[in-house]
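J.: One structure is given below, represented as C-alpha cells, and several questions about it will come after.
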Protein chains: 2
Amino acid sequence: MSDDRLSRVFAALADPTRRDIVRRLAVGDAGVGELAAPYDVSLQAVSKHVRVLEEAGLVSRSRDAQRRPCHLEPEVLDLMTKWIERYRQQAEERFSRLDGVLAELDQPEPLGEEGAAS
Amino acid sequence: MSDDRLSRVFAALADPTRRDIVRRLAVGDAGVGELAAPYDVSLQAVSKHVRVLEEAGLVSRSRDAQRRPCHLEPEVLDLMTKWIERYRQQAEERFSRLDGVLAELDQPEPLGEEGAAS
DNA sequence: CTAGTGTTCAACCATGTGGTTGACCAAGGC
DNA sequence: GCCTTGGTCAACCACATGGTTGAACACTAG
C-alpha cells in the first residue's frame, strides 16, 4: 500500500520546520546539530523532526564519527509531484472542456458541425 | 505568510480519505452526501474532511437548493508542485555535480583542461 | 404549515503530534 | 581509562485531529 507512504510524506511536509529542514538539505547534507542551530527548539525536537522525514523516505542518514549526516532523497518528492499533477491536470482539463461548453452556449454555431442547428 | 497556507494544504492531503475526495472531485463536482457514500464513516466526518479541504483552499463550494456542491480548485495544487519541484531540482542538480566530481576522481583527465596533469 | 432532504453544529472521546526535560548511548581526543 | 561531543530514548504535557452521536439549520415540495 503506497497509500501509507504518500500519507507520511504529505504529513511530514505539513510542518513548517520540517519543510525548512528539507529546504536546507537541498543545499547540502547536515548533521542534527547544524540543522537545529537556527531554530529555537531543543535538539531533541529537531531529532524527532528528522526521524519523521526519515520514516517518510525523504531523508537518509549515514555515519561520520559521532555525526549522523542527513541526506535529502529527492525521489519521494517526485512521487508527490506525480500524484498532485495527475489530479491538477485532470481538473484543469475538465475546466477547459467546461469553458468550451460555455463558449458554445454564447455562440451556438462554433464550427461546421454539419448536423446543423438551423 | 504563505507558509501557513502551504502547511494547511500538505496537512489536508496527508489523509487518505481526503486525497480520495480530491481524486473524485477532479472528475467532477459533488455534494457531501455523494462524497460520503463510498466510505464507511459518518456523513459528519466527511463534512469535516470537506471543510479541511476548503480551509486549505483546495475546494470551493456553492449552493444548489439544499446541496452544497464541492468544486476542486487546482491552483493550490500548483502551489504545492512549485514548492516541491524547487527543492527536488535543487537536490538533483547537486547530485549531478557530485556525480561529476566522482567521475573526475575516477579518471583524473575528464576533458582537455589545458593546465595538463601530464 | 408540515414533512422531508441535505448538511452543519456541538459535545465528546481516543489517539497522534510537537514540544519539553533528563538520562543514556556512541565515538574520538587525550 | 575518562571526558567531551553528537545524538537518541523515555516519560511527560498541551493541544490538534479523526471519529462518533444527536440536535439543529436551510431549503424544497406538498
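Chain labels follow the order of the C-alpha cells: the first chain is A, the next B, and so on; residue numbering restarts at 1 in every chain, and ligands are counted from 1 in their shown order.
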Could you list the residues in chain C lying within 10 Å of chain B, using only C-alpha atoms (C1' of nucleotides), and format the result as a list in words?

T.: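 On the chain C side, the interface is DT5, DG6, DT7, DT8 and DC9 of chain C.
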
J.: Against chain A, which residues of chain D fall within 8 Å? For each one I want the closest pair of atoms and the distance in Å (one decimal), counting only C-alpha atoms (C1' of nucleotides), rows by chain and increasing residue number, as JSON lines.

T.:
```
{"residue": "D:DT5", "atom": "C1'", "partner": "A:Gln66", "partner_atom": "CA", "distance": 7.5}
{"residue": "D:DG6", "atom": "C1'", "partner": "A:Gln66", "partner_atom": "CA", "distance": 5.4}
{"residue": "D:DG7", "atom": "C1'", "partner": "A:Val32", "partner_atom": "CA", "distance": 7.5}
{"residue": "D:DT8", "atom": "C1'", "partner": "A:Ser47", "partner_atom": "CA", "distance": 7.9}
```

J.: Please dump the current selection as a compact mmCIF listing (two decimals), in the first residue's frame; keep N, CA and C atoms (P, O5', C5', C4', C3', O3' and C1' of nucleotides).

T.:
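Writing done, so here's out31.txt:
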```txt
# COMPACT_ATOMS: atom_id res chain seq x y z
P DT D 5 32.95 19.75 24.40
O5' DT D 5 32.39 18.88 23.19
C5' DT D 5 33.31 18.30 22.27
C4' DT D 5 32.56 17.46 21.27
C3' DT D 5 31.23 18.07 20.80
O3' DT D 5 31.15 17.93 19.39
C1' DT D 5 30.88 15.88 21.61
P DG D 6 29.90 18.57 18.61
O5' DG D 6 28.98 17.30 18.36
C5' DG D 6 29.39 16.34 17.40
C4' DG D 6 28.29 15.32 17.24
C3' DG D 6 26.91 15.92 16.95
O3' DG D 6 26.32 15.21 15.88
C1' DG D 6 26.81 14.49 18.83
P DG D 7 24.87 15.64 15.35
O5' DG D 7 23.95 14.62 16.15
C5' DG D 7 24.11 13.21 15.88
C4' DG D 7 23.32 12.39 16.84
C3' DG D 7 21.82 12.63 16.81
O3' DG D 7 21.20 11.53 16.13
C1' DG D 7 22.67 12.31 19.03
P DT D 8 19.66 11.38 16.02
O5' DT D 8 19.25 10.39 17.21
C5' DT D 8 19.95 9.17 17.37
C4' DT D 8 19.53 8.49 18.66
C3' DT D 8 18.03 8.25 18.80
O3' DT D 8 17.82 6.88 19.13
C1' DT D 8 18.90 9.31 20.74
```

J.: Please determine the contact residues of chain A with respect to chain B at a cut-off of 7 Å, counting only C-alpha atoms, and supply them as a list in words.

T.: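 The complete set of qualifying residues is Asp3, Ser7, Arg8, Phe10, Ala11, Leu13, Ala14, Asp15, Pro16, Arg23, Ala26, Val27, Pro74, Leu77, Thr81, Ile84, Tyr87, Arg88, Gln90, Ala91 and Glu92 of chain A.
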
J.: Export, as a PDB file, in the first residue's frame, the selected residues with C-alpha atoms.

T.:
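Once everything was written out, this is out.pdb:
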```pdb
ATOM      1  CA  ASP A   3      -1.082   4.984   0.163  1.00  0.00           C
ATOM      2  CA  SER A   7       0.308   9.967   3.650  1.00  0.00           C
ATOM      3  CA  ARG A   8       3.557  10.015   5.564  1.00  0.00           C
ATOM      4  CA  PHE A  10       2.456  14.770   2.940  1.00  0.00           C
ATOM      5  CA  ALA A  11       2.251  14.740   6.727  1.00  0.00           C
ATOM      6  CA  LEU A  13       5.898  18.306   4.813  1.00  0.00           C
ATOM      7  CA  ALA A  14       2.885  19.726   6.616  1.00  0.00           C
ATOM      8  CA  ASP A  15       5.215  21.122   9.286  1.00  0.00           C
ATOM      9  CA  PRO A  16       6.993  24.430   8.532  1.00  0.00           C
ATOM     10  CA  ARG A  23      14.924  23.332   2.037  1.00  0.00           C
ATOM     11  CA  ALA A  26      18.506  20.527  -0.675  1.00  0.00           C
ATOM     12  CA  VAL A  27      21.539  22.791  -0.443  1.00  0.00           C
ATOM     13  CA  PRO A  74      14.547  13.544  -3.977  1.00  0.00           C
ATOM     14  CA  LEU A  77       9.364  14.334  -3.828  1.00  0.00           C
ATOM     15  CA  THR A  81       4.595  15.650  -7.721  1.00  0.00           C
ATOM     16  CA  ILE A  84      -0.555  16.106  -7.452  1.00  0.00           C
ATOM     17  CA  TYR A  87      -5.348  15.424 -10.475  1.00  0.00           C
ATOM     18  CA  ARG A  88      -4.437  19.012 -11.170  1.00  0.00           C
ATOM     19  CA  GLN A  90      -7.385  16.263 -14.784  1.00  0.00           C
ATOM     20  CA  ALA A  91      -9.243  19.107 -13.090  1.00  0.00           C
ATOM     21  CA  GLU A  92      -7.885  21.773 -15.388  1.00  0.00           C
TER      22      GLU A  92
END
```

J.: Quick check for you: according to DSSP on this backbone, which residues of chain B are classed as alpha helix (DSSP H)? Reply as a ChimeraX atom specification.

T.: /B:2-13,16-27,32-36,43-55,74-106

J.: Rounded to one decimal in Å, what is the spacing between CA of Ser62 in chain A and CA of Arg97 in chain B?

T.: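 The value is 20.0 Å.
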
J.: Chain B: which residues are strand (DSSP E) by DSSP, as a compact mmCIF listing (two decimals) with all heavy atoms, in the first residue's frame?

T.:
```txt
# COMPACT_ATOMS: atom_id res chain seq x y z
N VAL B 59 -10.76 23.21 -2.19
CA VAL B 59 -12.10 23.15 -2.78
C VAL B 59 -12.87 24.41 -2.42
O VAL B 59 -12.63 25.05 -1.40
CB VAL B 59 -12.90 21.90 -2.31
CG1 VAL B 59 -12.06 20.65 -2.37
CG2 VAL B 59 -13.47 22.10 -0.94
N SER B 60 -13.78 24.78 -3.31
CA SER B 60 -14.70 25.88 -3.05
C SER B 60 -16.10 25.29 -3.10
O SER B 60 -16.29 24.17 -3.60
CB SER B 60 -14.53 26.97 -4.10
OG SER B 60 -14.79 26.44 -5.39
N ARG B 61 -17.07 26.02 -2.59
CA ARG B 61 -18.42 25.46 -2.53
C ARG B 61 -19.45 26.50 -2.94
O ARG B 61 -19.27 27.70 -2.75
CB ARG B 61 -18.70 24.98 -1.11
CG ARG B 61 -17.48 24.33 -0.49
CD ARG B 61 -17.80 23.70 0.83
NE ARG B 61 -18.80 22.68 0.63
CZ ARG B 61 -19.31 21.98 1.60
NH1 ARG B 61 -18.95 22.23 2.83
NH2 ARG B 61 -20.20 21.07 1.36
N CYS B 70 -19.22 20.61 -4.02
CA CYS B 70 -17.80 20.87 -3.81
C CYS B 70 -17.11 20.91 -5.17
O CYS B 70 -17.37 20.07 -6.03
CB CYS B 70 -17.18 19.76 -2.97
SG CYS B 70 -18.02 19.52 -1.41
N HIS B 71 -16.20 21.85 -5.27
CA HIS B 71 -15.55 22.11 -6.55
C HIS B 71 -14.04 22.16 -6.32
O HIS B 71 -13.56 22.96 -5.50
CB HIS B 71 -16.07 23.45 -7.09
CG HIS B 71 -15.40 23.92 -8.32
ND1 HIS B 71 -15.77 23.50 -9.57
CD2 HIS B 71 -14.38 24.79 -8.49
CE1 HIS B 71 -15.01 24.09 -10.47
NE2 HIS B 71 -14.15 24.88 -9.83
N LEU B 72 -13.29 21.33 -7.02
CA LEU B 72 -11.84 21.29 -6.84
C LEU B 72 -11.17 22.53 -7.42
O LEU B 72 -11.48 22.94 -8.54
CB LEU B 72 -11.25 20.04 -7.49
CG LEU B 72 -9.75 19.82 -7.28
CD1 LEU B 72 -9.43 19.72 -5.82
CD2 LEU B 72 -9.29 18.58 -8.03
```

J.: I'd like to know which of A:Ala30, A:Arg63, A:Thr17, A:Glu55 is closest to DA27 in chain C, using only C-alpha atoms (C1' of nucleotides).

T.: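 Checking each of A:Ala30, A:Arg63, A:Thr17, A:Glu55 against DA27 in chain C, counting only C-alpha atoms (C1' of nucleotides), the winner is A:Arg63.
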